[in-house]
Amino acid sequence: MAKTAITSSATQSFSPLTPDPFIIRRVIKETYDTISLELESFNRTDFVFFPGQFNMLYVFGTGEVPISISGDSNNTKKLIHTTRAVGTVTKAMWNLKKGDCIGIRGPYGTAWPIQAGKSRDILIITGGIGLAPLRPVLYHILHNRADYGKVVILYGARTPEDILYKKEIEKWRSRFDIEIYITVDRATGNWHGNIGVITSMIGRAPFDPLNCTAMVCGPEIMMRFTILELQKRGVSDENIFISMERNMKCGIGLCGHCQLGTSFVCKDGPVYNYTQMKDIFLKREM
Ligand SMILES: Cc1cc2nc3c(=O)[nH]c(=O)nc-3n(C[C@H](O)[C@H](O)[C@H](O)COP(=O)(O)OP(=O)(O)OC[C@H]3O[C@@H](n4cnc5c(N)ncnc54)[C@H](O)[C@@H]3O)c2cc1C
Ligand code: FES
């Protein structure tokens, strides 16, 4: 199976340093601090990307940040990004409205191994906003369900109010060909589901450790403990994929801002096979 994911060069047709204007067609409030923006290009007829890739989003007059694409790669007319408001640019994004314009550069980076995962069980393990870069994988699998074995999603959120895409999750839950397990760190309201860390669900999740591809995205500490649990279940390092985050400026491997060891996360990542990150990842401080 291929260890590295697809790179972006094949899909990148516009000048890599010039933001391309997109119009906001819809703003969806996902949670109290997270929105999804549905965007349409002024210039491009199609926006082609692979699940796991990201764009640089430019809020005019404020700044530019990397954000994963969270929509369906089958729909090349509608680009979707899900953003949590944490700082200057993402808070400015929160204030954008339908009809406003935003700049886009991309798509950039590597993709989740949706081809290499064919005929295998797929295990998606994600925490918080980490579900956004993995949602395109789910869309792809649902469009091509017969190509994959069991599909198991383990999703952890801080509280029930932090759970993304609630209506969609309910739809996925009602299917018989996907298993979704959700846990929260802290129960609020009338939550009757699991409480506790996501790693506690890995031991009893129904997948074949010898024939599965695990895709993991979340805070680094969560990914580290998740990998340990996967290894305990017998999943080999070659079958574990993770998505890394680093501060970015250029997004195309020129400035060195996102350097992690010998790798540039914008170009060589964000999706890595765990074997590529193992040495760096096991260090306490990164
Ligand atoms: C490849 C890639 C894909 C990404 N995809 C997404 C995505 O799909 N959705 C999304 O919401 N974010 C995503 N991010 C993270 C996003 O890029 C950052 O949250 C954003 O750059 C913050 O910029 P800012 O100007 O809003 O905050 P800044 O002004 O730069 O930061 C302000 C404060 O927020 C803190 N902060 C910054 N980033 C985060 C964070 N991620 N979590 C918590 N605190 C933070 C900083 O430490 C600082 O204290 C991705 C990052 C990368 C590298
Ligand atoms: S952001 Fe410039 S090299 Fe990665």
# chains A, B, ... in the order shown; residues from 1 in each chain; ligands from 1
call {"tool": "residues_near_ligand", "arguments": {"ligand": "ligand 1", "cutoff": "6 Å", "atoms": "only C-alpha atoms and all ligand atoms", "output": "list in words"}}
result
Phe54, Val65, Pro66, Ile67, Ser68, Thr82, Thr83, Arg84, Val86, Gly87, Thr88, Val89, Thr90, Lys91, Ala132, Pro133, Glu245, Arg246, Asn247 and Pro270 of chain A
call {"tool": "write_last_selection", "arguments": {"atoms": "N, CA, C and O atoms", "output": "PDB file, in the first residue's frame"}}
result
ATOM      1  N   PHE A  54      -6.208  21.330   1.980  1.00  0.00           N
ATOM      2  CA  PHE A  54      -6.639  22.588   2.593  1.00  0.00           C
ATOM      3  C   PHE A  54      -6.486  23.735   1.604  1.00  0.00           C
ATOM      4  O   PHE A  54      -5.823  23.602   0.576  1.00  0.00           O
ATOM      5  N   VAL A  65      -5.306  32.408   6.549  1.00  0.00           N
ATOM      6  CA  VAL A  65      -5.048  31.227   7.380  1.00  0.00           C
ATOM      7  C   VAL A  65      -5.357  29.938   6.600  1.00  0.00           C
ATOM      8  O   VAL A  65      -6.204  29.940   5.711  1.00  0.00           O
ATOM      9  N   PRO A  66      -4.660  28.845   6.974  1.00  0.00           N
ATOM     10  CA  PRO A  66      -4.967  27.558   6.331  1.00  0.00           C
ATOM     11  C   PRO A  66      -6.215  26.944   6.950  1.00  0.00           C
ATOM     12  O   PRO A  66      -6.329  26.875   8.172  1.00  0.00           O
ATOM     13  N   ILE A  67      -7.135  26.486   6.118  1.00  0.00           N
ATOM     14  CA  ILE A  67      -8.350  25.822   6.597  1.00  0.00           C
ATOM     15  C   ILE A  67      -8.630  24.628   5.678  1.00  0.00           C
ATOM     16  O   ILE A  67      -8.631  24.763   4.455  1.00  0.00           O
ATOM     17  N   SER A  68      -8.895  23.494   6.274  1.00  0.00           N
ATOM     18  CA  SER A  68      -9.179  22.282   5.492  1.00  0.00           C
ATOM     19  C   SER A  68     -10.488  22.429   4.727  1.00  0.00           C
ATOM     20  O   SER A  68     -11.392  23.133   5.160  1.00  0.00           O
ATOM     21  N   THR A  82     -15.095  24.719   7.204  1.00  0.00           N
ATOM     22  CA  THR A  82     -15.668  24.819   8.552  1.00  0.00           C
ATOM     23  C   THR A  82     -14.595  25.411   9.462  1.00  0.00           C
ATOM     24  O   THR A  82     -13.484  24.874   9.537  1.00  0.00           O
ATOM     25  N   THR A  83     -14.916  26.508  10.122  1.00  0.00           N
ATOM     26  CA  THR A  83     -13.890  27.240  10.872  1.00  0.00           C
ATOM     27  C   THR A  83     -14.320  27.532  12.296  1.00  0.00           C
ATOM     28  O   THR A  83     -15.425  28.010  12.531  1.00  0.00           O
ATOM     29  N   ARG A  84     -13.407  27.253  13.216  1.00  0.00           N
ATOM     30  CA  ARG A  84     -13.642  27.614  14.618  1.00  0.00           C
ATOM     31  C   ARG A  84     -12.976  28.967  14.877  1.00  0.00           C
ATOM     32  O   ARG A  84     -11.800  29.161  14.520  1.00  0.00           O
ATOM     33  N   VAL A  86     -10.967  31.278  16.710  1.00  0.00           N
ATOM     34  CA  VAL A  86     -10.011  31.237  17.828  1.00  0.00           C
ATOM     35  C   VAL A  86      -9.153  32.496  17.915  1.00  0.00           C
ATOM     36  O   VAL A  86      -8.655  32.840  18.977  1.00  0.00           O
ATOM     37  N   GLY A  87      -8.951  33.194  16.800  1.00  0.00           N
ATOM     38  CA  GLY A  87      -8.031  34.338  16.817  1.00  0.00           C
ATOM     39  C   GLY A  87      -8.412  35.368  15.775  1.00  0.00           C
ATOM     40  O   GLY A  87      -9.559  35.402  15.294  1.00  0.00           O
ATOM     41  N   THR A  88      -7.456  36.202  15.413  1.00  0.00           N
ATOM     42  CA  THR A  88      -7.731  37.382  14.588  1.00  0.00           C
ATOM     43  C   THR A  88      -8.488  37.056  13.302  1.00  0.00           C
ATOM     44  O   THR A  88      -9.556  37.609  13.038  1.00  0.00           O
ATOM     45  N   VAL A  89      -7.928  36.172  12.495  1.00  0.00           N
ATOM     46  CA  VAL A  89      -8.522  35.934  11.169  1.00  0.00           C
ATOM     47  C   VAL A  89      -9.810  35.104  11.283  1.00  0.00           C
ATOM     48  O   VAL A  89     -10.823  35.420  10.655  1.00  0.00           O
ATOM     49  N   THR A  90      -9.765  34.076  12.098  1.00  0.00           N
ATOM     50  CA  THR A  90     -10.952  33.205  12.186  1.00  0.00           C
ATOM     51  C   THR A  90     -12.124  33.951  12.842  1.00  0.00           C
ATOM     52  O   THR A  90     -13.285  33.681  12.520  1.00  0.00           O
ATOM     53  N   LYS A  91     -11.839  34.901  13.726  1.00  0.00           N
ATOM     54  CA  LYS A  91     -12.927  35.708  14.308  1.00  0.00           C
ATOM     55  C   LYS A  91     -13.491  36.666  13.270  1.00  0.00           C
ATOM     56  O   LYS A  91     -14.690  36.918  13.220  1.00  0.00           O
ATOM     57  N   ALA A 132     -13.840  18.114  10.558  1.00  0.00           N
ATOM     58  CA  ALA A 132     -13.994  18.875   9.300  1.00  0.00           C
ATOM     59  C   ALA A 132     -13.123  18.320   8.166  1.00  0.00           C
ATOM     60  O   ALA A 132     -13.644  18.036   7.084  1.00  0.00           O
ATOM     61  N   PRO A 133     -11.813  18.118   8.370  1.00  0.00           N
ATOM     62  CA  PRO A 133     -11.000  17.575   7.273  1.00  0.00           C
ATOM     63  C   PRO A 133     -11.315  16.125   6.933  1.00  0.00           C
ATOM     64  O   PRO A 133     -10.889  15.635   5.887  1.00  0.00           O
ATOM     65  N   GLU A 245      -0.879  20.001  12.085  1.00  0.00           N
ATOM     66  CA  GLU A 245      -1.117  21.449  11.912  1.00  0.00           C
ATOM     67  C   GLU A 245       0.121  22.222  12.327  1.00  0.00           C
ATOM     68  O   GLU A 245       0.727  21.919  13.349  1.00  0.00           O
ATOM     69  N   ARG A 246       0.485  23.194  11.549  1.00  0.00           N
ATOM     70  CA  ARG A 246       1.536  24.136  11.910  1.00  0.00           C
ATOM     71  C   ARG A 246       1.138  25.510  11.376  1.00  0.00           C
ATOM     72  O   ARG A 246       0.366  25.607  10.430  1.00  0.00           O
ATOM     73  N   ASN A 247       1.665  26.571  11.981  1.00  0.00           N
ATOM     74  CA  ASN A 247       1.401  27.910  11.434  1.00  0.00           C
ATOM     75  C   ASN A 247       1.923  27.980  10.013  1.00  0.00           C
ATOM     76  O   ASN A 247       2.996  27.450   9.719  1.00  0.00           O
ATOM     77  N   PRO A 270      -0.776  18.157   4.896  1.00  0.00           N
ATOM     78  CA  PRO A 270      -0.893  17.871   6.328  1.00  0.00           C
ATOM     79  C   PRO A 270      -1.107  16.393   6.650  1.00  0.00           C
ATOM     80  O   PRO A 270      -0.857  15.978   7.768  1.00  0.00           O
TER      81      PRO A 270
END
call {"tool": "residues_near_ligand", "arguments": {"ligand": "ligand 2", "cutoff": "10 Å", "atoms": "only C-alpha atoms and all ligand atoms", "output": "PyMOL selection string"}}
result
chain A and resi 56+65-66+109+246-260+263-269
call {"tool": "select_by_dssp", "arguments": {"residues": "stretch 6-60 of chain A", "states": "strand (DSSP E)", "output": "number ranges by chain"}}
result
A: 20-29, 34-41, 54-59
call {"tool": "residues_around", "arguments": {"residues": "stretch 229-241 of chain A", "least_positions_apart": "4", "cutoff": "8 Å", "atoms": "only C-alpha atoms", "output": "list in words"}}
result
Lys3, Trp112, Pro113, Thr199, Ile202, Gly203, Pro209, Leu210, Cys212, Thr213, Ala214, Met215, Val216, Phe225, Val271, Tyr272, Asn273, Tyr274 and Thr275 of chain A
call {"tool": "atom_distance", "arguments": {"atom1": "atom CA of A:Asn211", "atom2": "atom CA of A:Gly128"}}
result
26.6 Å
